[in-house]
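**Q** Below you'll find the structure I mean.
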Amino acid sequence: MLPYINELSQEDQEKLQEMIRRLFRQTFLLERKYDKKAGRMVADKDFYFADRHMDFLKDYFAAAGICLEQNTELGTIYLTGETTMGERIPKLATIYLLLLKLIYDEQMAAVSSSVNIVTTFGELNGKVGEFRLSRSLSSLTEIKRAFAFLKRYQMVELMDALDELGENTRIIIYPCINLVLMREDVLKLLQSFGEDGDEEGNAEEEGIIGEEDSIDEETDAEEERGMDGEVNGDEEDTLEGDKADGNTADDDSTAFGTADGGAAGGDASAGEQPPVL
(Lines give C-alpha, C1' and ligand atoms only; values in the text may rest on other atoms or scores of the structure.)
Protein backbone atom coordinates (compact mmCIF):
# COMPACT_ATOMS: atom_id res chain seq x y z
CA MET A 1 0.00 0.00 0.00
CA LEU A 2 2.81 2.42 0.81
CA PRO A 3 4.34 2.35 -2.71
CA TYR A 4 0.91 3.26 -4.11
CA ILE A 5 0.59 6.28 -1.82
CA ASN A 6 4.15 7.42 -2.48
CA GLU A 7 3.45 7.53 -6.20
CA LEU A 8 0.61 10.03 -5.67
CA SER A 9 1.02 13.78 -5.55
CA GLN A 10 0.94 15.48 -2.15
CA GLU A 11 -2.50 16.87 -2.96
CA ASP A 12 -3.90 13.44 -3.85
CA GLN A 13 -2.35 11.91 -0.72
CA GLU A 14 -4.15 14.46 1.42
CA LYS A 15 -7.40 13.88 -0.47
CA LEU A 16 -7.09 10.15 0.05
CA GLN A 17 -6.57 10.61 3.78
CA GLU A 18 -9.63 12.85 3.98
CA MET A 19 -11.61 10.28 1.97
CA ILE A 20 -10.77 7.59 4.51
CA ARG A 21 -11.79 9.86 7.39
CA ARG A 22 -15.02 10.79 5.64
CA LEU A 23 -16.00 7.17 5.08
CA PHE A 24 -15.32 6.42 8.74
CA ARG A 25 -17.50 9.37 9.74
CA GLN A 26 -20.52 8.79 7.54
CA THR A 27 -20.30 5.22 6.11
CA PHE A 28 -21.80 6.19 2.73
CA LEU A 29 -20.63 8.21 -0.28
CA LEU A 30 -23.22 9.25 -2.85
CA GLU A 31 -22.55 9.76 -6.54
CA ARG A 32 -25.07 12.58 -6.69
CA LYS A 33 -26.37 14.85 -3.94
CA TYR A 34 -28.80 17.75 -3.76
CA ASP A 35 -27.17 21.17 -3.84
CA LYS A 36 -29.39 23.84 -2.28
CA LYS A 37 -27.54 26.69 -3.96
CA ALA A 38 -27.90 25.13 -7.41
CA GLY A 39 -31.37 23.82 -6.64
CA ARG A 40 -30.64 20.46 -8.27
CA MET A 41 -28.75 17.19 -7.94
CA VAL A 42 -25.02 17.54 -8.61
CA ALA A 43 -22.14 15.07 -8.88
CA ASP A 44 -20.04 14.51 -5.77
CA LYS A 45 -16.37 14.86 -6.71
CA ASP A 46 -15.34 12.81 -3.67
CA PHE A 47 -17.33 9.84 -4.96
CA TYR A 48 -15.42 9.82 -8.25
CA PHE A 49 -12.11 10.32 -6.46
CA ALA A 50 -12.86 7.28 -4.27
CA ASP A 51 -13.89 5.34 -7.36
CA ARG A 52 -10.50 6.02 -8.98
CA HIS A 53 -8.68 4.71 -5.91
CA MET A 54 -11.13 1.92 -5.12
CA ASP A 55 -8.60 -0.92 -5.12
CA PHE A 56 -6.33 0.83 -2.65
CA LEU A 57 -9.23 1.85 -0.38
CA LYS A 58 -10.55 -1.71 -0.34
CA ASP A 59 -7.15 -3.03 0.73
CA TYR A 60 -6.81 -0.31 3.36
CA PHE A 61 -10.16 -1.04 5.02
CA ALA A 62 -9.71 -4.81 4.63
CA ALA A 63 -6.66 -4.58 6.88
CA ALA A 64 -9.05 -3.46 9.63
CA GLY A 65 -11.61 -6.16 8.85
CA ILE A 66 -13.93 -3.71 7.08
CA CYS A 67 -15.33 -4.18 3.58
CA LEU A 68 -15.68 -1.32 1.14
CA GLU A 69 -18.51 -1.97 -1.31
CA GLN A 70 -19.84 -0.17 -4.38
CA ASN A 71 -23.36 -0.34 -5.76
CA THR A 72 -23.30 1.19 -9.23
CA GLU A 73 -27.07 0.95 -9.67
CA LEU A 74 -27.70 3.08 -6.58
CA GLY A 75 -24.60 5.23 -7.07
CA THR A 76 -23.21 4.49 -3.60
CA ILE A 77 -19.88 3.53 -2.03
CA TYR A 78 -20.17 2.29 1.53
CA LEU A 79 -18.53 0.42 4.40
CA THR A 80 -19.72 -2.90 5.77
CA GLY A 81 -18.37 -5.22 8.44
CA GLU A 82 -18.86 -6.37 12.00
CA THR A 83 -15.79 -4.48 13.19
CA THR A 84 -17.33 -1.07 12.49
CA MET A 85 -18.42 0.81 15.60
CA GLY A 86 -22.08 1.61 16.09
CA GLU A 87 -23.65 4.89 17.16
CA ARG A 88 -26.85 5.12 19.19
CA ILE A 89 -29.71 6.56 17.16
CA PRO A 90 -32.53 8.51 18.83
CA LYS A 91 -35.92 6.80 18.88
CA LEU A 92 -37.53 9.47 16.71
CA ALA A 93 -34.77 9.15 14.10
CA THR A 94 -35.37 5.39 14.09
CA ILE A 95 -39.09 5.89 13.48
CA TYR A 96 -38.46 8.39 10.68
CA LEU A 97 -35.93 6.04 9.08
CA LEU A 98 -38.46 3.18 9.05
CA LEU A 99 -41.25 5.32 7.62
CA LEU A 100 -39.03 6.93 4.99
CA LYS A 101 -37.98 3.47 3.84
CA LEU A 102 -41.66 2.59 3.30
CA ILE A 103 -42.25 5.81 1.36
CA TYR A 104 -39.13 5.13 -0.71
CA ASP A 105 -40.30 1.63 -1.63
CA GLU A 106 -43.82 2.80 -2.47
CA GLN A 107 -42.62 5.51 -4.84
CA MET A 108 -39.98 3.28 -6.44
CA ALA A 109 -42.66 0.68 -7.10
CA ALA A 110 -44.83 3.32 -8.80
CA VAL A 111 -43.45 5.35 -11.67
CA SER A 112 -40.17 6.71 -10.33
CA SER A 113 -37.29 6.70 -12.80
CA SER A 114 -34.78 8.02 -10.25
CA VAL A 115 -33.04 6.33 -7.32
CA ASN A 116 -33.67 9.53 -5.33
CA ILE A 117 -37.20 10.00 -4.02
CA VAL A 118 -38.83 13.29 -2.97
CA THR A 119 -41.47 13.28 -0.23
CA THR A 120 -42.83 15.88 2.21
CA PHE A 121 -42.95 16.24 5.95
CA GLY A 122 -46.73 16.07 5.63
CA GLU A 123 -46.55 12.67 3.95
CA LEU A 124 -44.14 11.49 6.63
CA ASN A 125 -46.54 12.65 9.34
CA GLY A 126 -49.32 10.81 7.53
CA LYS A 127 -47.33 7.59 7.93
CA VAL A 128 -46.87 8.41 11.62
CA GLY A 129 -50.64 8.52 12.02
CA GLU A 130 -51.17 5.42 9.88
CA PHE A 131 -49.01 3.34 12.20
CA ARG A 132 -50.32 5.05 15.36
CA LEU A 133 -46.92 6.41 16.31
CA SER A 134 -47.97 9.95 17.22
CA ARG A 135 -47.37 9.38 20.94
CA SER A 136 -43.76 8.62 20.13
CA LEU A 137 -43.11 12.10 18.71
CA SER A 138 -41.67 14.94 20.72
CA SER A 139 -40.53 18.55 20.40
CA LEU A 140 -39.25 20.49 17.40
CA THR A 141 -35.76 20.15 18.85
CA GLU A 142 -35.97 16.37 18.71
CA ILE A 143 -37.36 16.52 15.16
CA LYS A 144 -34.35 18.62 14.17
CA ARG A 145 -32.03 16.17 15.86
CA ALA A 146 -33.63 13.25 14.03
CA PHE A 147 -33.23 14.86 10.60
CA ALA A 148 -29.66 15.96 11.41
CA PHE A 149 -28.75 12.37 12.25
CA LEU A 150 -30.29 10.97 9.06
CA LYS A 151 -28.63 13.67 6.99
CA ARG A 152 -25.21 12.85 8.43
CA TYR A 153 -25.61 9.24 7.37
CA GLN A 154 -26.64 10.29 3.83
CA MET A 155 -30.20 9.00 4.26
CA VAL A 156 -32.01 12.28 3.55
CA GLU A 157 -31.58 15.89 2.51
CA LEU A 158 -34.03 18.68 3.31
CA MET A 159 -34.73 20.78 0.23
CA ASP A 160 -36.28 23.54 2.34
CA ALA A 161 -35.11 25.31 5.50
CA LEU A 162 -35.65 23.24 8.62
CA ASP A 163 -36.48 26.36 10.61
CA GLU A 164 -39.58 26.71 8.42
CA LEU A 165 -40.61 23.09 8.93
CA GLY A 166 -44.17 22.48 7.74
CA GLU A 167 -46.41 20.03 5.92
CA ASN A 168 -44.95 21.09 2.54
CA THR A 169 -41.30 20.86 3.56
CA ARG A 170 -39.65 18.68 0.91
CA ILE A 171 -37.38 15.79 1.81
CA ILE A 172 -35.09 13.89 -0.56
CA ILE A 173 -34.69 10.24 0.38
CA TYR A 174 -31.31 9.00 -0.82
CA PRO A 175 -30.81 5.42 -2.08
CA CYS A 176 -28.53 4.62 0.89
CA ILE A 177 -31.73 3.86 2.78
CA ASN A 178 -32.07 0.79 0.57
CA LEU A 179 -28.78 -0.58 1.92
CA VAL A 180 -29.79 -0.37 5.56
CA LEU A 181 -33.31 -1.77 5.77
CA MET A 182 -35.55 -4.39 4.21
CA ARG A 183 -39.29 -3.79 3.97
CA GLU A 184 -40.27 -6.93 5.92
CA ASP A 185 -38.11 -5.90 8.87
CA VAL A 186 -39.42 -2.34 8.69
CA LEU A 187 -43.01 -3.46 9.10
CA LYS A 188 -42.16 -5.62 12.11
CA LEU A 189 -40.29 -2.80 13.82
CA LEU A 190 -43.07 -0.29 13.14
CA GLN A 191 -45.59 -2.68 14.66
CA SER A 192 -43.46 -2.95 17.79
CA PHE A 193 -43.22 0.85 18.03
CA GLY A 194 -47.00 1.12 17.63
CA GLU A 195 -47.60 -1.32 20.45
CA ASP A 196 -45.14 0.55 22.62
CA GLY A 197 -46.98 3.82 21.90
CA ASP A 198 -50.31 2.30 22.91
CA GLU A 199 -48.87 1.21 26.26
CA GLU A 200 -47.51 4.71 26.88
CA GLY A 201 -50.88 6.20 26.00
CA ASN A 202 -52.71 3.99 28.48
CA ALA A 203 -50.22 4.87 31.21
CA GLU A 204 -50.62 8.59 30.53
CA GLU A 205 -54.40 8.36 30.80
CA GLU A 206 -53.96 6.80 34.25
CA GLY A 207 -51.70 9.66 35.31
CA ILE A 208 -48.57 7.52 35.45
CA ILE A 209 -46.63 9.58 32.92
CA GLY A 210 -47.02 12.97 31.31
CA GLU A 211 -44.10 15.05 32.55
CA GLU A 212 -42.00 14.61 29.40
CA ASP A 213 -43.38 17.67 27.61
CA SER A 214 -42.49 20.01 30.46
CA ILE A 215 -38.98 18.53 30.59
CA ASP A 216 -38.59 19.10 26.84
CA GLU A 217 -39.63 22.74 27.18
CA GLU A 218 -36.99 23.35 29.85
CA THR A 219 -34.21 21.86 27.71
CA ASP A 220 -35.28 23.11 24.26
CA ALA A 221 -33.30 26.36 24.42
CA GLU A 222 -30.05 24.66 25.36
CA GLU A 223 -30.48 21.83 22.82
CA GLU A 224 -31.47 24.22 20.03
CA ARG A 225 -28.18 26.09 20.33
CA GLY A 226 -26.30 22.86 19.75
CA MET A 227 -28.52 21.66 16.95
CA ASP A 228 -28.49 24.76 14.76
CA GLY A 229 -24.88 24.30 13.78
CA GLU A 230 -25.40 20.60 13.30
CA VAL A 231 -28.43 20.90 11.08
CA ASN A 232 -27.45 23.87 8.99
CA GLY A 233 -23.72 23.17 8.68
CA ASP A 234 -22.30 21.76 5.48
CA GLU A 235 -19.77 19.55 7.27
CA GLU A 236 -21.06 15.99 7.51
CA ASP A 237 -19.59 14.79 10.81
CA THR A 238 -20.87 11.26 10.93
CA LEU A 239 -19.88 7.91 12.27
CA GLU A 240 -19.99 4.54 10.65
CA GLY A 241 -22.14 1.94 12.36
CA ASP A 242 -22.56 -1.70 13.09
CA LYS A 243 -25.70 -3.74 12.58
CA ALA A 244 -28.36 -3.16 15.23
CA ASP A 245 -30.09 -5.93 17.08
CA GLY A 246 -33.49 -5.04 15.59
CA ASN A 247 -35.29 -4.71 18.95
CA THR A 248 -35.97 -1.02 19.44
CA ALA A 249 -39.36 -0.92 21.09
CA ASP A 250 -38.01 -1.24 24.62
CA ASP A 251 -35.46 1.54 24.35
CA ASP A 252 -35.40 5.20 23.36
CA SER A 253 -32.51 4.58 21.00
CA THR A 254 -30.94 1.88 18.91
CA ALA A 255 -27.71 1.38 17.05
CA PHE A 256 -27.47 2.61 13.50
CA GLY A 257 -25.57 0.24 11.30
CA THR A 258 -24.14 -0.92 8.05
CA ALA A 259 -23.98 -4.48 6.85
CA ASP A 260 -22.42 -7.16 8.98
CA GLY A 261 -19.81 -9.45 7.52
CA GLY A 262 -22.16 -12.15 6.26
CA ALA A 263 -24.78 -9.88 4.73
CA ALA A 264 -23.23 -7.36 2.43
CA GLY A 265 -25.44 -4.43 1.53
CA GLY A 266 -27.27 -4.36 -1.74
CA ASP A 267 -30.40 -3.44 -3.60
CA ALA A 268 -33.31 -5.37 -2.10
CA SER A 269 -35.06 -5.46 -5.43
CA ALA A 270 -32.06 -7.23 -6.91
CA GLY A 271 -32.41 -10.07 -4.42
CA GLU A 272 -29.43 -9.18 -2.23
CA GLN A 273 -29.71 -9.24 1.54
CA PRO A 274 -29.16 -5.72 2.90
CA PRO A 275 -28.21 -5.10 6.51
CA VAL A 276 -31.01 -4.58 9.01
CA LEU A 277 -31.39 -1.75 11.49
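Labeling convention for the C-alpha coordinates: chains A, B, ... as they appear, residues from 1 per chain, ligands from 1 in order of appearance.
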Would you write out, as JSON lines, a table of all residues in stretch 37-118 of chain A that have an atom no more than 8 Å from an atom of stretch 8-22 of chain A, listing for each the closest atom pair and the distance in Å to one decimal, considering only C-alpha atoms and ordering rows by chain and rising residue number?
**A**
{"residue": "A:Asp46", "atom": "CA", "partner": "A:Met19", "partner_atom": "CA", "distance": 7.2}
{"residue": "A:Ala50", "atom": "CA", "partner": "A:Met19", "partner_atom": "CA", "distance": 7.0}
{"residue": "A:Leu57", "atom": "CA", "partner": "A:Ile20", "partner_atom": "CA", "distance": 7.7}
**Q** Please report, as a Markdown table, each residue of stretch 94-145 of chain A lying at most 10 Å from stretch 151-155 of chain A, together with the nearest pair of atoms and the separation in Å rounded to one decimal; use only C-alpha atoms, and order rows by chain and ascending residue number.
**A**
| residue | atom | partner | partner_atom | distance |
| --- | --- | --- | --- | --- |
| A:Leu97 | CA | A:Met155 | CA | 8.0 |
| A:Leu100 | CA | A:Met155 | CA | 9.1 |
| A:Lys101 | CA | A:Met155 | CA | 9.6 |
| A:Arg145 | CA | A:Lys151 | CA | 9.8 |
**Q** Report the distance between atom CA of A:Ile117 and atom CA of A:Tyr78 in Å, rounded to one decimal place.
**A** 19.5 Å
**Q** Give me, please, the distance in Å between atom CA of A:Lys37 and atom CA of A:Ala146, quoted to one decimal.
**A**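 Straight-line distance from atom CA of A:Lys37 to atom CA of A:Ala146 works out to 23.3 Å.
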**Q** Suppose you want the space between atom CA of A:Met182 and atom CA of A:Leu74; what is it in Å?
**A**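 For atom CA of A:Met182 relative to atom CA of A:Leu74, the distance reads 15.3 Å.
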